[in-house]
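Remarks on the structure that follows.
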Amino acid sequence: MSRPISSATASGLFADGPPAPAEVRHLAAFMDGAIMVPEVRWELRRHWGLCDRHSWLYTVLEVEARGGAGPFSTAILLEDLLQQAVAVLRRRALLPWALAQRPLRRRGRCFTCDYQGLVGERGSGAGAATASLAPADRAAGTCRLVAAAAPQWRRRACPRCLPGPPGPEAVPCRVHLLQDAAPPDRAAVTAALGDLALRLHRYVRSLTWRGPVVGPPELAAWVEALGWTGGWARVRSATADTGPQDGLGPVGPPARSVTPGGGGALDG
Ligand SMILES: [Zn+2]
Ligand SMILES: [Zn+2]
């Protein structure tokens, strides 16, 4: 049974700054269907989704809109990205790792970071940039889901992102795959990501009419996919209260990205 989620934990998910109205407004447009537009989807594939901050904020808003239920369109996008990752690794299985990993880098932009930049340039977002939308209240539902899924995802979390001994099925995240000069066990990584894509697919289907009933491995899949694409710093923050029971230890807030507008601790 998961513990209650404190405001401090929920705020920790956005310790790099409370969500501003401009960010929320833009992400709400995605929820209204923009995420399904082919051009948008193409850009999201190039960039491996939104930046880490906006991927999580989108998830938080979606979970809130669904009354605390697991995210749906977030999971559809993540399934798409995981399938892309598997295809890239399979297609480049025989290339040297330095070449094979190149498509895992982010290219292009995060739409929401872009929008924030435009709003700021016009000067109309000055107030928005400082206003808080009570992130603790908004993120509590998401943090609860992440904590409930911890027994699953901690088995497979990136060992470089989380402290402590690696789980039995640990998979390096995309960011650390790019940072590591030594090639990973590519067959094992590809198989693990293929399994994650399949669990995401089952999870998405479970949310549709007459979809299958799924278990804990599927319910944890969207958390693992967010961790894989953007690193696990925010997963750690989202479960700060459950740290000792999960063996994750005390955690700090996600560090600011060095790229303008990028809110993730890591990027690549
Ligand atoms: Zn962004
Ligand atoms: Zn990592």
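In the structure tokens, chains take the letters A, B, ... in the order shown, each chain's residues start at 1, and ligands count up from 1 in the order shown.
Residues in contact with Ser73 of chain A at 10 Å, where only C-alpha atoms are counted and same-chain residues fewer than 6 positions away are skipped, are listed as Phe30, Met31, Gly33, Ile35, Met36, Tyr58, Thr59, Glu62, Glu79 and Val204 of chain A.
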- Leu178 of chain A environment, 10 Å, only C-alpha atoms, sequence neighbours closer than 5 positions dropped, as a PyMOL selection string: chain A and resi 97-98+101-105+172-173+183+267-268
Atoms to include: N, CA and C atoms. Write the selected residues as a PDB file, in the first residue's frame.
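As written to disk, out_27.pdb reads:
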ATOM      1  N   TRP A  97      29.070   1.185 -32.049  1.00  0.00           N
ATOM      2  CA  TRP A  97      28.130   1.830 -31.124  1.00  0.00           C
ATOM      3  C   TRP A  97      28.087   3.348 -31.305  1.00  0.00           C
ATOM      4  N   ALA A  98      29.261   3.960 -31.577  1.00  0.00           N
ATOM      5  CA  ALA A  98      29.302   5.425 -31.728  1.00  0.00           C
ATOM      6  C   ALA A  98      28.372   5.883 -32.856  1.00  0.00           C
ATOM      7  N   GLN A 101      24.290   4.748 -31.981  1.00  0.00           N
ATOM      8  CA  GLN A 101      23.517   5.481 -30.966  1.00  0.00           C
ATOM      9  C   GLN A 101      23.113   6.884 -31.414  1.00  0.00           C
ATOM     10  N   ARG A 102      23.636   7.354 -32.537  1.00  0.00           N
ATOM     11  CA  ARG A 102      23.381   8.753 -32.938  1.00  0.00           C
ATOM     12  C   ARG A 102      21.895   9.116 -33.026  1.00  0.00           C
ATOM     13  N   PRO A 103      21.065   8.260 -33.605  1.00  0.00           N
ATOM     14  CA  PRO A 103      19.641   8.647 -33.693  1.00  0.00           C
ATOM     15  C   PRO A 103      18.943   8.748 -32.346  1.00  0.00           C
ATOM     16  N   LEU A 104      19.614   8.310 -31.279  1.00  0.00           N
ATOM     17  CA  LEU A 104      18.996   8.437 -29.951  1.00  0.00           C
ATOM     18  C   LEU A 104      19.122   9.856 -29.408  1.00  0.00           C
ATOM     19  N   ARG A 105      19.919  10.691 -30.073  1.00  0.00           N
ATOM     20  CA  ARG A 105      20.051  12.089 -29.608  1.00  0.00           C
ATOM     21  C   ARG A 105      18.794  12.875 -29.956  1.00  0.00           C
ATOM     22  N   PRO A 172      19.850   0.866 -19.089  1.00  0.00           N
ATOM     23  CA  PRO A 172      20.323   2.261 -19.139  1.00  0.00           C
ATOM     24  C   PRO A 172      19.298   3.136 -19.866  1.00  0.00           C
ATOM     25  N   CYS A 173      19.099   4.337 -19.342  1.00  0.00           N
ATOM     26  CA  CYS A 173      18.165   5.249 -20.002  1.00  0.00           C
ATOM     27  C   CYS A 173      18.798   5.787 -21.289  1.00  0.00           C
ATOM     28  N   PRO A 183      30.055   0.317 -25.494  1.00  0.00           N
ATOM     29  CA  PRO A 183      28.742  -0.153 -25.955  1.00  0.00           C
ATOM     30  C   PRO A 183      28.072  -0.999 -24.892  1.00  0.00           C
ATOM     31  N   ASP A 267      19.999  15.676 -20.395  1.00  0.00           N
ATOM     32  CA  ASP A 267      19.450  15.762 -21.738  1.00  0.00           C
ATOM     33  C   ASP A 267      20.477  15.262 -22.724  1.00  0.00           C
ATOM     34  N   GLY A 268      19.997  14.779 -23.819  1.00  0.00           N
ATOM     35  CA  GLY A 268      20.918  14.282 -24.827  1.00  0.00           C
ATOM     36  C   GLY A 268      20.212  14.124 -26.138  1.00  0.00           C
TER      37      GLY A 268
END
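Taking atom CA of Leu207 of chain A as the reference point, atom CA of Trp222 of chain A is found at 12.9 Å.
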- Hey, can you check how far atom CA of Arg106 of chain A sits from atom CA of Gly141 of chain A?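 Interatomic distance, atom CA of Arg106 of chain A to atom CA of Gly141 of chain A: 28.9 Å.
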Within 8 Å of ligand 1, which residues show up when you count only C-alpha atoms and all ligand atoms? List them as an mmCIF file with N, CA and C atoms, in the first residue's frame, please.
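Here's the written file selection-v8.cif:
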data_model
loop_
_atom_site.group_PDB
_atom_site.id
_atom_site.type_symbol
_atom_site.label_atom_id
_atom_site.label_comp_id
_atom_site.auth_asym_id
_atom_site.auth_seq_id
_atom_site.Cartn_x
_atom_site.Cartn_y
_atom_site.Cartn_z
ATOM 1 N N LEU A 50 8.663 15.648 -25.713
ATOM 2 C CA LEU A 50 8.947 16.983 -25.201
ATOM 3 C C LEU A 50 10.183 16.885 -24.308
ATOM 4 N N CYS A 51 10.691 18.018 -23.823
ATOM 5 C CA CYS A 51 11.788 17.956 -22.854
ATOM 6 C C CYS A 51 11.263 17.261 -21.591
ATOM 7 N N ASP A 52 12.175 16.899 -20.710
ATOM 8 C CA ASP A 52 11.762 16.099 -19.553
ATOM 9 C C ASP A 52 10.726 16.822 -18.684
ATOM 10 N N ARG A 53 10.959 18.115 -18.438
ATOM 11 C CA ARG A 53 10.022 18.891 -17.613
ATOM 12 C C ARG A 53 8.628 18.892 -18.224
ATOM 13 N N HIS A 54 8.561 19.133 -19.531
ATOM 14 C CA HIS A 54 7.243 19.261 -20.149
ATOM 15 C C HIS A 54 6.594 17.903 -20.397
ATOM 16 N N SER A 55 7.388 16.864 -20.537
ATOM 17 C CA SER A 55 6.806 15.516 -20.607
ATOM 18 C C SER A 55 6.087 15.198 -19.299
ATOM 19 N N ARG A 109 13.283 20.596 -31.444
ATOM 20 C CA ARG A 109 12.969 21.426 -30.280
ATOM 21 C C ARG A 109 11.846 20.805 -29.470
ATOM 22 N N CYS A 110 11.719 21.313 -28.256
ATOM 23 C CA CYS A 110 10.541 21.012 -27.438
ATOM 24 C C CYS A 110 9.517 22.095 -27.763
ATOM 25 N N PHE A 111 8.346 21.687 -28.188
ATOM 26 C CA PHE A 111 7.319 22.646 -28.585
ATOM 27 C C PHE A 111 6.984 23.628 -27.467
ATOM 28 N N THR A 112 6.881 23.133 -26.274
ATOM 29 C CA THR A 112 6.440 23.990 -25.171
ATOM 30 C C THR A 112 7.533 24.975 -24.764
ATOM 31 N N CYS A 113 8.783 24.518 -24.787
ATOM 32 C CA CYS A 113 9.892 25.455 -24.531
ATOM 33 C C CYS A 113 9.886 26.553 -25.585
ATOM 34 N N ASP A 114 9.649 26.150 -26.827
ATOM 35 C CA ASP A 114 9.584 27.102 -27.932
ATOM 36 C C ASP A 114 8.495 28.143 -27.696
ATOM 37 N N GLY A 261 15.384 26.698 -21.446
ATOM 38 C CA GLY A 261 14.011 26.211 -21.461
ATOM 39 C C GLY A 261 13.899 24.749 -21.133
ATOM 40 N N GLY A 262 14.943 23.990 -21.244
ATOM 41 C CA GLY A 262 14.875 22.570 -20.937
ATOM 42 C C GLY A 262 14.905 22.394 -19.451
ATOM 43 N N GLY A 263 13.934 21.679 -18.884
ATOM 44 C CA GLY A 263 13.848 21.591 -17.444
ATOM 45 C C GLY A 263 14.401 20.313 -16.882
#
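Minimum distance to ligand 2 across A:Gly117, A:Gly231, A:Pro184, A:Gly211 (counting only C-alpha atoms and all ligand atoms) occurs at A:Gly231.
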